[in-house]
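Structure, as structure tokens:
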Amino acid sequence: MLCKFQKDRPCDRSFVFLELTQYKWPIEHICSDIDPKLHLMTRYFCRPYQLKDFPRICDIHDAARLDELRLSNLQEAFIPLRIAAAREGLFEYQLLVAEMNGRVDGFVAFSASELTWLYVYPDCYRTGIGSLLAQAVVDRSGPEIFLEVISGNEPALAFYRSVGFEHVHTASGAMPGNEAFRITAHVMSYDKTKNGA
């Protein structure tokens, strides 16, 4: 039996239908794991970063980074991503984006042992994008992953704890990419052997 996807109205999942022979069924009545492509209309998914994503990840970073720095009273240290990407080596890391309905609303950069950037567009805070991106990093990295959270960013500390990271220690030094500012950061770790990942 062949399936054909139809979309009568853009970005409205209630009008996405799966056509099985001559019958049309609203997507709400079909198990979503029949075909992962169905999720494109119903939830975020991760995919590798593409060059076309750069303007959008700049928007995401710049808005969310300002929120992050305000919490630490470091707004003056803000540098837009179009500059920070080169200064801080963003493209030396693996990059993934979170997308739904063709719109990117979050991104993450990481290596085998370090989560270095994770930003979600402020209008999309607390929608599960951060958890999706963090899990993608855990799935693709080595046995232990480290990250740093600027002191004062309590929402980020609570978020990382909620996805399995633990506080290791606190360190102080120059802010990466803007060394004129000194910061204190909480170093956190996710240990796959402890978390059963």
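Order determines the names: the first chain of the structure tokens is A, the second B, and so forth; residues in each chain are numbered 1 upward, and ligands are numbered 1 upward as they are shown.
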
I want to know what sits within 9 Å of stretch 138-153 of chain A, based on only C-alpha atoms, with residues of the same chain fewer than 4 positions away left out; could you give that as an NGL selection string?
:A and (68-73 or 110-117 or 133-134 or 157-158 or 165 or 170 or 183-193 or 197)

Print the selection's residues with C-alpha atoms to a file, as a PDB file, in the first residue's frame.
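result.pdb was written with the following content:
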ATOM      1  CA  GLU A  68      22.028  35.465  29.304  1.00  0.00           C
ATOM      2  CA  LEU A  69      24.290  38.469  29.880  1.00  0.00           C
ATOM      3  CA  ARG A  70      21.523  40.506  31.576  1.00  0.00           C
ATOM      4  CA  LEU A  71      21.166  37.763  34.182  1.00  0.00           C
ATOM      5  CA  SER A  72      24.870  38.146  34.983  1.00  0.00           C
ATOM      6  CA  ASN A  73      24.853  41.952  34.707  1.00  0.00           C
ATOM      7  CA  PHE A 110      29.756  20.891  20.456  1.00  0.00           C
ATOM      8  CA  SER A 111      32.748  18.568  20.270  1.00  0.00           C
ATOM      9  CA  ALA A 112      33.187  15.021  21.546  1.00  0.00           C
ATOM     10  CA  SER A 113      33.755  16.341  25.080  1.00  0.00           C
ATOM     11  CA  GLU A 114      32.323  19.855  25.255  1.00  0.00           C
ATOM     12  CA  LEU A 115      28.989  21.588  24.698  1.00  0.00           C
ATOM     13  CA  THR A 116      30.070  25.110  23.793  1.00  0.00           C
ATOM     14  CA  TRP A 117      26.982  26.921  22.492  1.00  0.00           C
ATOM     15  CA  LEU A 133      19.440  19.930  21.377  1.00  0.00           C
ATOM     16  CA  ALA A 134      21.078  18.783  24.627  1.00  0.00           C
ATOM     17  CA  LEU A 157      21.909  26.037  35.607  1.00  0.00           C
ATOM     18  CA  ALA A 158      18.445  24.638  36.370  1.00  0.00           C
ATOM     19  CA  PHE A 165      24.428  17.680  33.997  1.00  0.00           C
ATOM     20  CA  THR A 170      33.489  27.058  39.675  1.00  0.00           C
ATOM     21  CA  ILE A 183      33.592  36.194  34.542  1.00  0.00           C
ATOM     22  CA  THR A 184      32.895  33.412  36.978  1.00  0.00           C
ATOM     23  CA  ALA A 185      31.490  30.253  35.432  1.00  0.00           C
ATOM     24  CA  HIS A 186      30.035  27.007  36.726  1.00  0.00           C
ATOM     25  CA  VAL A 187      31.661  24.017  35.072  1.00  0.00           C
ATOM     26  CA  MET A 188      29.157  21.194  34.606  1.00  0.00           C
ATOM     27  CA  SER A 189      29.537  17.638  33.401  1.00  0.00           C
ATOM     28  CA  TYR A 190      27.308  14.955  31.921  1.00  0.00           C
ATOM     29  CA  ASP A 191      28.709  11.490  32.581  1.00  0.00           C
ATOM     30  CA  LYS A 192      27.108   8.861  30.357  1.00  0.00           C
ATOM     31  CA  THR A 193      28.181   6.052  32.661  1.00  0.00           C
ATOM     32  CA  ALA A 197      23.161   7.099  28.184  1.00  0.00           C
TER      33      ALA A 197
END

Please return, as a PyMOL selection string, all residues of stretch 18-157 of chain A that DSSP assigns to strand (DSSP E or B) on the basis of the backbone.
chain A and resi 18-20+23-26+45-48+94-100+103-110+114-120+144-150

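Compared by their closest atoms to A:Asp105, and using only C-alpha atoms, the residues A:Glu76, A:Glu154, A:Asp53, A:Glu179 rank with A:Asp53 nearest.
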
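The space separating atom CA of A:Glu99 from atom CA of A:Cys46 comes to 6.4 Å.
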
Within 10 Å of A:Val104 using only C-alpha atoms, minus same-chain residues under 5 positions, as a PyMOL selection string:
chain A and resi 44-47+49+53+56-57+60+97-99+120-121

Return as an mmCIF file with N, CA and C atoms, in the first residue's frame the full set of residues in stretch 92-156 of chain A whose backbone-based DSSP assignment is helix (DSSP H, G or I).
data_model
loop_
_atom_site.group_PDB
_atom_site.id
_atom_site.type_symbol
_atom_site.label_atom_id
_atom_site.label_comp_id
_atom_site.auth_asym_id
_atom_site.auth_seq_id
_atom_site.Cartn_x
_atom_site.Cartn_y
_atom_site.Cartn_z
ATOM 1 N N GLU A 92 34.432 25.615 14.318
ATOM 2 C CA GLU A 92 35.365 24.531 14.617
ATOM 3 C C GLU A 92 34.640 23.364 15.282
ATOM 4 N N PRO A 122 14.249 33.496 22.157
ATOM 5 C CA PRO A 122 13.481 33.778 23.373
ATOM 6 C C PRO A 122 11.978 33.482 23.290
ATOM 7 N N ASP A 123 11.345 33.706 22.162
ATOM 8 C CA ASP A 123 9.915 33.391 22.034
ATOM 9 C C ASP A 123 9.637 31.900 22.162
ATOM 10 N N CYS A 124 10.689 31.092 22.090
ATOM 11 C CA CYS A 124 10.542 29.632 22.116
ATOM 12 C C CYS A 124 11.127 29.000 23.377
ATOM 13 N N ILE A 129 12.926 22.746 23.016
ATOM 14 C CA ILE A 129 14.013 22.844 22.029
ATOM 15 C C ILE A 129 15.364 22.625 22.694
ATOM 16 N N GLY A 130 15.581 23.251 23.842
ATOM 17 C CA GLY A 130 16.853 23.081 24.551
ATOM 18 C C GLY A 130 17.103 21.637 24.914
ATOM 19 N N SER A 131 16.072 20.954 25.398
ATOM 20 C CA SER A 131 16.212 19.537 25.754
ATOM 21 C C SER A 131 16.518 18.692 24.527
ATOM 22 N N LEU A 132 15.858 18.994 23.429
ATOM 23 C CA LEU A 132 16.109 18.275 22.174
ATOM 24 C C LEU A 132 17.565 18.439 21.741
ATOM 25 N N LEU A 133 18.059 19.663 21.785
ATOM 26 C CA LEU A 133 19.440 19.930 21.377
ATOM 27 C C LEU A 133 20.441 19.301 22.341
ATOM 28 N N ALA A 134 20.178 19.390 23.646
ATOM 29 C CA ALA A 134 21.078 18.783 24.627
ATOM 30 C C ALA A 134 21.140 17.270 24.430
ATOM 31 N N GLN A 135 19.999 16.645 24.195
ATOM 32 C CA GLN A 135 19.979 15.195 23.968
ATOM 33 C C GLN A 135 20.733 14.831 22.697
ATOM 34 N N ALA A 136 20.623 15.663 21.673
ATOM 35 C CA ALA A 136 21.359 15.412 20.427
ATOM 36 C C ALA A 136 22.864 15.421 20.685
ATOM 37 N N VAL A 137 23.318 16.314 21.555
ATOM 38 C CA VAL A 137 24.743 16.375 21.906
ATOM 39 C C VAL A 137 25.137 15.116 22.669
ATOM 40 N N VAL A 138 24.358 14.729 23.656
ATOM 41 C CA VAL A 138 24.648 13.525 24.441
ATOM 42 C C VAL A 138 24.740 12.313 23.509
ATOM 43 N N ASP A 139 23.821 12.217 22.568
ATOM 44 C CA ASP A 139 23.803 11.080 21.641
ATOM 45 C C ASP A 139 25.019 11.033 20.720
ATOM 46 N N ARG A 140 25.630 12.183 20.453
ATOM 47 C CA ARG A 140 26.703 12.257 19.462
ATOM 48 C C ARG A 140 28.091 12.476 20.060
ATOM 49 N N GLU A 154 20.845 31.531 36.469
ATOM 50 C CA GLU A 154 20.157 30.451 37.189
ATOM 51 C C GLU A 154 19.244 29.616 36.288
ATOM 52 N N PRO A 155 18.533 30.224 35.316
ATOM 53 C CA PRO A 155 17.706 29.382 34.431
ATOM 54 C C PRO A 155 18.531 28.344 33.665
ATOM 55 N N ALA A 156 19.718 28.726 33.213
ATOM 56 C CA ALA A 156 20.569 27.769 32.485
ATOM 57 C C ALA A 156 21.067 26.675 33.423
#

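Distance check against A:Pro48 using only C-alpha atoms: of A:Met100, A:Val163, A:Ala85, A:Leu95, the minimum falls on A:Leu95.
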
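Atom CA of A:Phe78 lies 7.4 Å from atom CA of A:Arg65.
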
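Take atom CA of A:Tyr93 and atom CA of A:Lys194: the distance between them is 25.2 Å.
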